[in-house]
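**Q** Encoded as structure tokens, here's the structure I'll be asking about.
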Amino acid sequence: MSEKKQAVQEFEEVKGSASPIGFLDRNARKVIFIAGAVAVLAGGWLLYDNLVQQPREKKASEAMSVAEAFYAQDSLDLALNGDGVNAGFLKVISKHSGTQAANLAHYYAGSIYLRKEDYNNAVKHLKDFSTSATQVQSAAWRMLGDALMSQGKQEEGVSYFVKAGKLNEKDEYTSSENLFRAGLAYETMGKRKEAVELYKLIKEKYPKTEKGFSIDKYLARLGEVK
């Protein structure tokens, strides 16, 4: 075979391998297998969700309801540990791990431990909690910041105040409160520059909030307003 004919043949082979038809001709069994596997996985997930996960979520949510009622009544020990018949938040976490209810139970447990000044457990549970609901997440980060500051972990603690303050800028009240807390924390740490930056941010972005109205007093204290 001449070099020219060989080149033409190789070109056709390359062209064929690049076309969808050529690919399917040579890899039909692989394509069908992959497509089938995807379908099986999708169908399997739906079955798992309907037959396993949703019932688990329902059972966990039902278990949570009594603990939440105790929490609302300020019966913190019962909310945390249950009453011997009904589960508390800790039991929900251990028994219903991987559910939304267990995730929320971490939030409740963290807030209870914070009020009890058990900062190690407060940090543990609040770090295990996460949500896309920005107001709730910012509250969790604020509590986490409080717990860490109480442990003497000031740098980490103040970082959570800042995160809480910047999570949802449209929520003016919550954002200004959390940024103010961060500013105060920086002041206690002797970090004047960082405190001033946050106080000025409150003055610029949230002038109509409670902290916005009074922020000049704190700026004046740091020599920024006469």
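The way I read the labels, and the way they are meant: chains A, B, ... in the order of the structure tokens, residue 1 as the first residue of every chain, and ligand 1 as the first ligand shown, with later ones counted on from there.
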Show which residues sit within 12 Å of Asp216 (chain A), as JSON, numbers by chain. Count only C-alpha atoms, and ignore same-chain residues fewer than 2 positions away.

**A** {"A": [196, 199, 200, 201, 202, 203, 204, 207, 210, 211, 212, 213, 214, 218, 219, 220, 221, 222, 223, 224, 225, 226]}

**Q** Please produce an output containing C-alpha atoms for each residue in the selection, written as a compact mmCIF listing (two decimals), in the first residue's frame.

**A**
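Final output, result-v9.txt:
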# COMPACT_ATOMS: atom_id res chain seq x y z
CA VAL A 196 -12.81 50.18 63.17
CA TYR A 199 -17.84 49.60 62.82
CA LYS A 200 -17.47 51.66 59.65
CA LEU A 201 -19.07 48.84 57.66
CA ILE A 202 -22.08 48.96 59.99
CA LYS A 203 -22.27 52.74 59.63
CA GLU A 204 -22.10 52.51 55.83
CA PRO A 207 -27.24 53.18 59.26
CA GLU A 210 -30.11 50.04 66.21
CA LYS A 211 -26.37 49.45 65.99
CA GLY A 212 -26.12 51.84 63.05
CA PHE A 213 -27.65 54.67 65.08
CA SER A 214 -25.21 54.22 67.95
CA TYR A 218 -17.82 53.24 69.35
CA LEU A 219 -15.92 54.88 66.52
CA ALA A 220 -15.33 57.90 68.76
CA ARG A 221 -14.02 55.60 71.46
CA LEU A 222 -11.41 54.43 68.96
CA GLY A 223 -10.58 57.99 67.88
CA GLU A 224 -12.34 57.84 64.51
CA VAL A 225 -15.17 60.31 65.20
CA LYS A 226 -14.80 63.60 67.06

**Q** Would you mind listing what lies within 8 Å of Met64 (chain A) as a list of chain:residue names, with only C-alpha atoms counted and same-chain residues fewer than 3 positions away left out?

**A**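 The filter keeps A:Ala60, A:Ser61, A:Ala67, A:Glu68, A:Ala87, A:Gly88, A:Phe89, A:Val92, A:Ala101, A:Ala105.
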
**Q** Rank nothing, just name the residue among A:Glu156, A:Met149, A:Leu90, A:Gly183 nearest to Glu117 (chain A), using only C-alpha atoms.

**A**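 Looking at the shortest contact to Glu117 (chain A), the residue is A:Met149.
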
**Q** Give me the residues near region 95-97 of chain A as a ChimeraX atom specification, where near means some atom within 8 Å (using only C-alpha atoms) and where sequence neighbours in that chain fewer than 5 positions away do not count.

**A** /A:56,60,102-103

**Q** Report the distance between CA of Asp83 (chain A) and CA of Glu57 (chain A) in Å, rounded to one decimal place.

**A**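 Atom-to-atom, CA of Asp83 (chain A) to CA of Glu57 (chain A), that is 21.8 Å.
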
**Q** Quick one: residues within 8 Å of Ala195 (chain A), only C-alpha atoms, excluding same-chain residues fewer than 5 positions away - as a list in words?

**A**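 Non-adjacent residues within range: Ala182, Gly183, Leu184, Ala185, Tyr186 and Glu187 of chain A.
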
**Q** Please identify every residue of region 162-209 of chain A that has at least one atom no farther than 10 Å from an atom of region 129-147 of chain A, counting only C-alpha atoms, and for each give the shortest atom pair and the distance in Å to one decimal, arranged by chain then increasing number, as JSON lines.

**A**
{"residue": "A:Val162", "atom": "CA", "partner": "A:Arg142", "partner_atom": "CA", "distance": 8.7}
{"residue": "A:Lys163", "atom": "CA", "partner": "A:Trp141", "partner_atom": "CA", "distance": 7.3}
{"residue": "A:Ala164", "atom": "CA", "partner": "A:Ser138", "partner_atom": "CA", "distance": 4.3}
{"residue": "A:Gly165", "atom": "CA", "partner": "A:Ser138", "partner_atom": "CA", "distance": 7.2}
{"residue": "A:Lys166", "atom": "CA", "partner": "A:Ser138", "partner_atom": "CA", "distance": 8.7}
{"residue": "A:Leu167", "atom": "CA", "partner": "A:Thr134", "partner_atom": "CA", "distance": 6.7}
{"residue": "A:Asn168", "atom": "CA", "partner": "A:Thr134", "partner_atom": "CA", "distance": 6.3}
{"residue": "A:Asp171", "atom": "CA", "partner": "A:Gln135", "partner_atom": "CA", "distance": 8.1}
{"residue": "A:Thr174", "atom": "CA", "partner": "A:Gln135", "partner_atom": "CA", "distance": 7.7}
{"residue": "A:Ser175", "atom": "CA", "partner": "A:Ser138", "partner_atom": "CA", "distance": 8.5}
{"residue": "A:Glu177", "atom": "CA", "partner": "A:Arg142", "partner_atom": "CA", "distance": 9.7}
{"residue": "A:Asn178", "atom": "CA", "partner": "A:Arg142", "partner_atom": "CA", "distance": 6.9}
{"residue": "A:Leu179", "atom": "CA", "partner": "A:Arg142", "partner_atom": "CA", "distance": 9.9}
{"residue": "A:Arg181", "atom": "CA", "partner": "A:Arg142", "partner_atom": "CA", "distance": 8.7}
{"residue": "A:Ala182", "atom": "CA", "partner": "A:Gly145", "partner_atom": "CA", "distance": 9.0}
{"residue": "A:Ala185", "atom": "CA", "partner": "A:Gly145", "partner_atom": "CA", "distance": 9.8}

**Q** Would you save the residues from that selection as a CSV table (one decimal), in the first residue's frame, using N, CA and C atoms?

**A**
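Here's the written file part.csv:
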chain,number,residue,atom,x,y,z
A,162,VAL,N,-17.9,37.2,62.2
A,162,VAL,CA,-17.8,37.9,60.9
A,162,VAL,C,-18.5,37.1,59.9
A,163,LYS,N,-18.4,35.8,59.8
A,163,LYS,CA,-19.1,35.0,58.9
A,163,LYS,C,-20.6,35.2,59.1
A,164,ALA,N,-21.0,35.2,60.3
A,164,ALA,CA,-22.5,35.3,60.6
A,164,ALA,C,-23.0,36.7,60.1
A,165,GLY,N,-22.1,37.7,60.3
A,165,GLY,CA,-22.5,39.1,59.9
A,165,GLY,C,-22.5,39.3,58.4
A,166,LYS,N,-21.8,38.5,57.6
A,166,LYS,CA,-21.7,38.7,56.2
A,166,LYS,C,-22.5,37.6,55.4
A,167,LEU,N,-23.2,36.7,56.1
A,167,LEU,CA,-23.9,35.6,55.4
A,167,LEU,C,-25.0,36.1,54.6
A,168,ASN,N,-25.8,37.0,55.2
A,168,ASN,CA,-27.0,37.5,54.5
A,168,ASN,C,-27.1,39.0,54.7
A,171,ASP,N,-30.4,40.9,55.4
A,171,ASP,CA,-31.0,40.9,56.8
A,171,ASP,C,-30.2,41.9,57.6
A,174,THR,N,-29.9,41.3,61.7
A,174,THR,CA,-29.0,40.2,62.1
A,174,THR,C,-27.6,40.5,61.7
A,175,SER,N,-27.4,41.0,60.5
A,175,SER,CA,-26.0,41.3,60.0
A,175,SER,C,-25.3,42.4,60.9
A,177,GLU,N,-26.0,43.3,64.0
A,177,GLU,CA,-25.8,42.7,65.3
A,177,GLU,C,-24.5,41.8,65.4
A,178,ASN,N,-24.4,41.0,64.4
A,178,ASN,CA,-23.2,40.1,64.3
A,178,ASN,C,-21.9,40.8,64.0
A,179,LEU,N,-22.0,41.8,63.1
A,179,LEU,CA,-20.8,42.5,62.8
A,179,LEU,C,-20.4,43.4,64.1
A,181,ARG,N,-20.9,42.5,67.2
A,181,ARG,CA,-20.3,41.6,68.1
A,181,ARG,C,-18.8,41.3,67.7
A,182,ALA,N,-18.6,41.2,66.4
A,182,ALA,CA,-17.2,40.9,65.9
A,182,ALA,C,-16.4,42.1,66.2
A,185,ALA,N,-15.5,42.2,69.8
A,185,ALA,CA,-14.5,41.1,70.1
A,185,ALA,C,-13.1,41.6,69.7

**Q** Please, what distance in Å, to one decimal, runs between CA of Asp74 (chain A) and CA of Lys58 (chain A)?

**A**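 Distance reported for this atom pair: 24.8 Å.
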